[in-house]
Structures are given as C-alpha cells and as structure tokens.
Amino acid sequence: MLDIFFTFINSRKKRIFYKTRLFFSIIFIISVSSVFILGTLAYGEKLNETNIINMCIMDCNLGFLMTYFITYIFENFRLNYIFAISSILIFISLFFLIGKEISRTIKYFIRCKRRREALKLEKALLAQMQTQIAIKENLEEKKAVEYEKQNIILETVIKEKVEKAIEKDILPLEKNKEEKKEDFPKEDIIK
C-alpha cells in the first residue's frame, strides 16, 4: 500500500489507525464491487467470463487488476461461497471503518440517558422538597392558628374572670388606689 499521507503522520497510534482503516477500506471496495458485478450478472442470467470483463472494464471502469481478481474468484469458487465470504468481509470492514463512530454514538446515547435519569431524579428531589416545604408551611399555619385560638381562649378566660371579679366586687384595684392616696399626706401632694 503506497500512500503519501502515511509519511506525514507523526503519532504511532494515528499511523496504525490510518493503516488499518486504509486496509479495510480497500477490502470493502473490492468486496462490494465483486458482489455488485457478480450479483448483477447472476440476476440477469448473463454470468460468464466475457460479460464479467465487459462489465468491469467498459461499464464500471474498475481497471485490469480488479477485473482479473473478479474473474479469478469466479472461475475458482462457487457463487454462493463468493457471496458469503464477500458479505462477511463487508461486515468486518464496516466494523473497522465505522466502529469508532458507532461507539461514539452509543456513548452519546448512554450520556443522554444518564442526563435524562439525572434530570428525572433532580425533578423528583425538587418535587419532594416542595412537598416537604408545603407540609412545613401547613404545619406552621396550623400552629399559628392554634396559638391564636389559645390566645383568644386565654383572653376570654381572663375577661370572664375579670367580669366575675367585678360583679362580686373582689377587685382590689379601687381599694389600692384609695390606699395609695391616703399614704401620702396632702401637703406632699400639693408640693
């Protein structure tokens, strides 16, 4: 495989990767072209050596090397074996040619799935926190209402006791005021 781009690649890993892709792309092209030509001629029932040469050189412009290869495998192997082996080679070549893109696509879908799951989990946690906040606010409102009710009850109890004391004349407030006035002499009050 003579290739001028191979000399410009400095990294060893990239060079090996480039060589493998080039090798499998050549295998892919050979396999696809042989399956296409032999399949087309077999479908039209014109499968013989002269028609293969005519189609390869005149119709498809594949060149003499490819034409020789296709006529050689046609003469030495059965057509079913050629199709089976070519299909396997096409599959293996596609695996090496687009395997990296397939793995990237799979990794992308896995990342998207993880993001969706994380987003769902985040939404669930947010909903749970909101329900907890709502429950807490509801409890605080209930406590505030109970506190207000207790204050109202306490005020009513105090008012009732005060009213009962006023009715029975037990309140010492008026007597205390009179006693305080008597404690001070009138002379001190004037000054």
# chains A, B, ... in the order shown; residues from 1 in each chain; ligands from 1
>>> residues_around(residues="Phe91 of chain A", least_positions_apart="2", cutoff="12 Å", atoms="only C-alpha atoms", output="PDB file with N, CA, C and O atoms, in the first residue's frame")
ATOM      1  N   PHE A  24      -8.791  -1.837   5.428  1.00  0.00           N
ATOM      2  CA  PHE A  24     -10.172  -2.324   5.417  1.00  0.00           C
ATOM      3  C   PHE A  24     -11.052  -1.570   4.417  1.00  0.00           C
ATOM      4  O   PHE A  24     -12.031  -2.127   3.936  1.00  0.00           O
ATOM      5  N   SER A  25     -10.688  -0.347   4.088  1.00  0.00           N
ATOM      6  CA  SER A  25     -11.455   0.338   3.039  1.00  0.00           C
ATOM      7  C   SER A  25     -11.189  -0.300   1.682  1.00  0.00           C
ATOM      8  O   SER A  25     -12.101  -0.423   0.860  1.00  0.00           O
ATOM      9  N   ILE A  27     -10.385  -3.519   1.238  1.00  0.00           N
ATOM     10  CA  ILE A  27     -11.138  -4.775   1.298  1.00  0.00           C
ATOM     11  C   ILE A  27     -12.621  -4.516   1.060  1.00  0.00           C
ATOM     12  O   ILE A  27     -13.290  -5.264   0.338  1.00  0.00           O
ATOM     13  N   PHE A  28     -13.153  -3.459   1.649  1.00  0.00           N
ATOM     14  CA  PHE A  28     -14.569  -3.122   1.488  1.00  0.00           C
ATOM     15  C   PHE A  28     -14.893  -2.815   0.021  1.00  0.00           C
ATOM     16  O   PHE A  28     -15.882  -3.314  -0.524  1.00  0.00           O
ATOM     17  N   ILE A  29     -14.062  -2.021  -0.626  1.00  0.00           N
ATOM     18  CA  ILE A  29     -14.300  -1.654  -2.030  1.00  0.00           C
ATOM     19  C   ILE A  29     -14.248  -2.883  -2.932  1.00  0.00           C
ATOM     20  O   ILE A  29     -15.108  -3.072  -3.802  1.00  0.00           O
ATOM     21  N   SER A  31     -14.741  -6.066  -2.062  1.00  0.00           N
ATOM     22  CA  SER A  31     -15.861  -6.962  -1.765  1.00  0.00           C
ATOM     23  C   SER A  31     -17.161  -6.431  -2.341  1.00  0.00           C
ATOM     24  O   SER A  31     -17.941  -7.183  -2.948  1.00  0.00           O
ATOM     25  N   VAL A  32     -17.418  -5.141  -2.167  1.00  0.00           N
ATOM     26  CA  VAL A  32     -18.664  -4.558  -2.669  1.00  0.00           C
ATOM     27  C   VAL A  32     -18.709  -4.600  -4.188  1.00  0.00           C
ATOM     28  O   VAL A  32     -19.743  -4.958  -4.780  1.00  0.00           O
ATOM     29  N   ALA A  84     -21.056 -15.317   0.227  1.00  0.00           N
ATOM     30  CA  ALA A  84     -20.964 -15.469   1.689  1.00  0.00           C
ATOM     31  C   ALA A  84     -19.681 -14.835   2.222  1.00  0.00           C
ATOM     32  O   ALA A  84     -19.697 -14.060   3.193  1.00  0.00           O
ATOM     33  N   ILE A  85     -18.556 -15.157   1.590  1.00  0.00           N
ATOM     34  CA  ILE A  85     -17.272 -14.619   2.058  1.00  0.00           C
ATOM     35  C   ILE A  85     -17.211 -13.104   1.855  1.00  0.00           C
ATOM     36  O   ILE A  85     -16.731 -12.370   2.725  1.00  0.00           O
ATOM     37  N   SER A  86     -17.725 -12.642   0.714  1.00  0.00           N
ATOM     38  CA  SER A  86     -17.732 -11.193   0.471  1.00  0.00           C
ATOM     39  C   SER A  86     -18.615 -10.467   1.485  1.00  0.00           C
ATOM     40  O   SER A  86     -18.269  -9.381   1.958  1.00  0.00           O
ATOM     41  N   SER A  87     -19.747 -11.058   1.840  1.00  0.00           N
ATOM     42  CA  SER A  87     -20.636 -10.436   2.842  1.00  0.00           C
ATOM     43  C   SER A  87     -19.956 -10.360   4.198  1.00  0.00           C
ATOM     44  O   SER A  87     -20.052  -9.341   4.899  1.00  0.00           O
ATOM     45  N   ILE A  88     -19.245 -11.433   4.566  1.00  0.00           N
ATOM     46  CA  ILE A  88     -18.507 -11.421   5.840  1.00  0.00           C
ATOM     47  C   ILE A  88     -17.417 -10.354   5.808  1.00  0.00           C
ATOM     48  O   ILE A  88     -17.235  -9.603   6.783  1.00  0.00           O
ATOM     49  N   LEU A  89     -16.693 -10.276   4.703  1.00  0.00           N
ATOM     50  CA  LEU A  89     -15.639  -9.262   4.586  1.00  0.00           C
ATOM     51  C   LEU A  89     -16.214  -7.843   4.607  1.00  0.00           C
ATOM     52  O   LEU A  89     -15.614  -6.931   5.201  1.00  0.00           O
ATOM     53  N   SER A  93     -15.215  -5.217   7.454  1.00  0.00           N
ATOM     54  CA  SER A  93     -14.655  -3.931   7.014  1.00  0.00           C
ATOM     55  C   SER A  93     -15.476  -2.769   7.548  1.00  0.00           C
ATOM     56  O   SER A  93     -14.921  -1.759   8.009  1.00  0.00           O
ATOM     57  N   LEU A  94     -16.794  -2.906   7.491  1.00  0.00           N
ATOM     58  CA  LEU A  94     -17.642  -1.838   8.034  1.00  0.00           C
ATOM     59  C   LEU A  94     -17.419  -1.671   9.530  1.00  0.00           C
ATOM     60  O   LEU A  94     -17.443  -0.556  10.050  1.00  0.00           O
ATOM     61  N   PHE A  95     -17.207  -2.787  10.221  1.00  0.00           N
ATOM     62  CA  PHE A  95     -16.946  -2.700  11.657  1.00  0.00           C
ATOM     63  C   PHE A  95     -15.692  -1.889  11.927  1.00  0.00           C
ATOM     64  O   PHE A  95     -15.673  -1.035  12.814  1.00  0.00           O
ATOM     65  N   PHE A  96     -14.634  -2.135  11.161  1.00  0.00           N
ATOM     66  CA  PHE A  96     -13.392  -1.395  11.387  1.00  0.00           C
ATOM     67  C   PHE A  96     -13.458   0.028  10.840  1.00  0.00           C
ATOM     68  O   PHE A  96     -12.771   0.913  11.338  1.00  0.00           O
ATOM     69  N   LEU A  97     -14.258   0.249   9.820  1.00  0.00           N
ATOM     70  CA  LEU A  97     -14.343   1.592   9.238  1.00  0.00           C
ATOM     71  C   LEU A  97     -15.231   2.522  10.049  1.00  0.00           C
ATOM     72  O   LEU A  97     -14.905   3.695  10.250  1.00  0.00           O
ATOM     73  N   ILE A  98     -16.366   2.033  10.505  1.00  0.00           N
ATOM     74  CA  ILE A  98     -17.299   2.922  11.215  1.00  0.00           C
ATOM     75  C   ILE A  98     -17.510   2.505  12.665  1.00  0.00           C
ATOM     76  O   ILE A  98     -18.427   2.986  13.320  1.00  0.00           O
ATOM     77  N   GLY A  99     -16.649   1.618  13.165  1.00  0.00           N
ATOM     78  CA  GLY A  99     -16.779   1.171  14.549  1.00  0.00           C
ATOM     79  C   GLY A  99     -16.601   2.295  15.551  1.00  0.00           C
ATOM     80  O   GLY A  99     -17.289   2.359  16.567  1.00  0.00           O
TER      81      GLY A  99
END
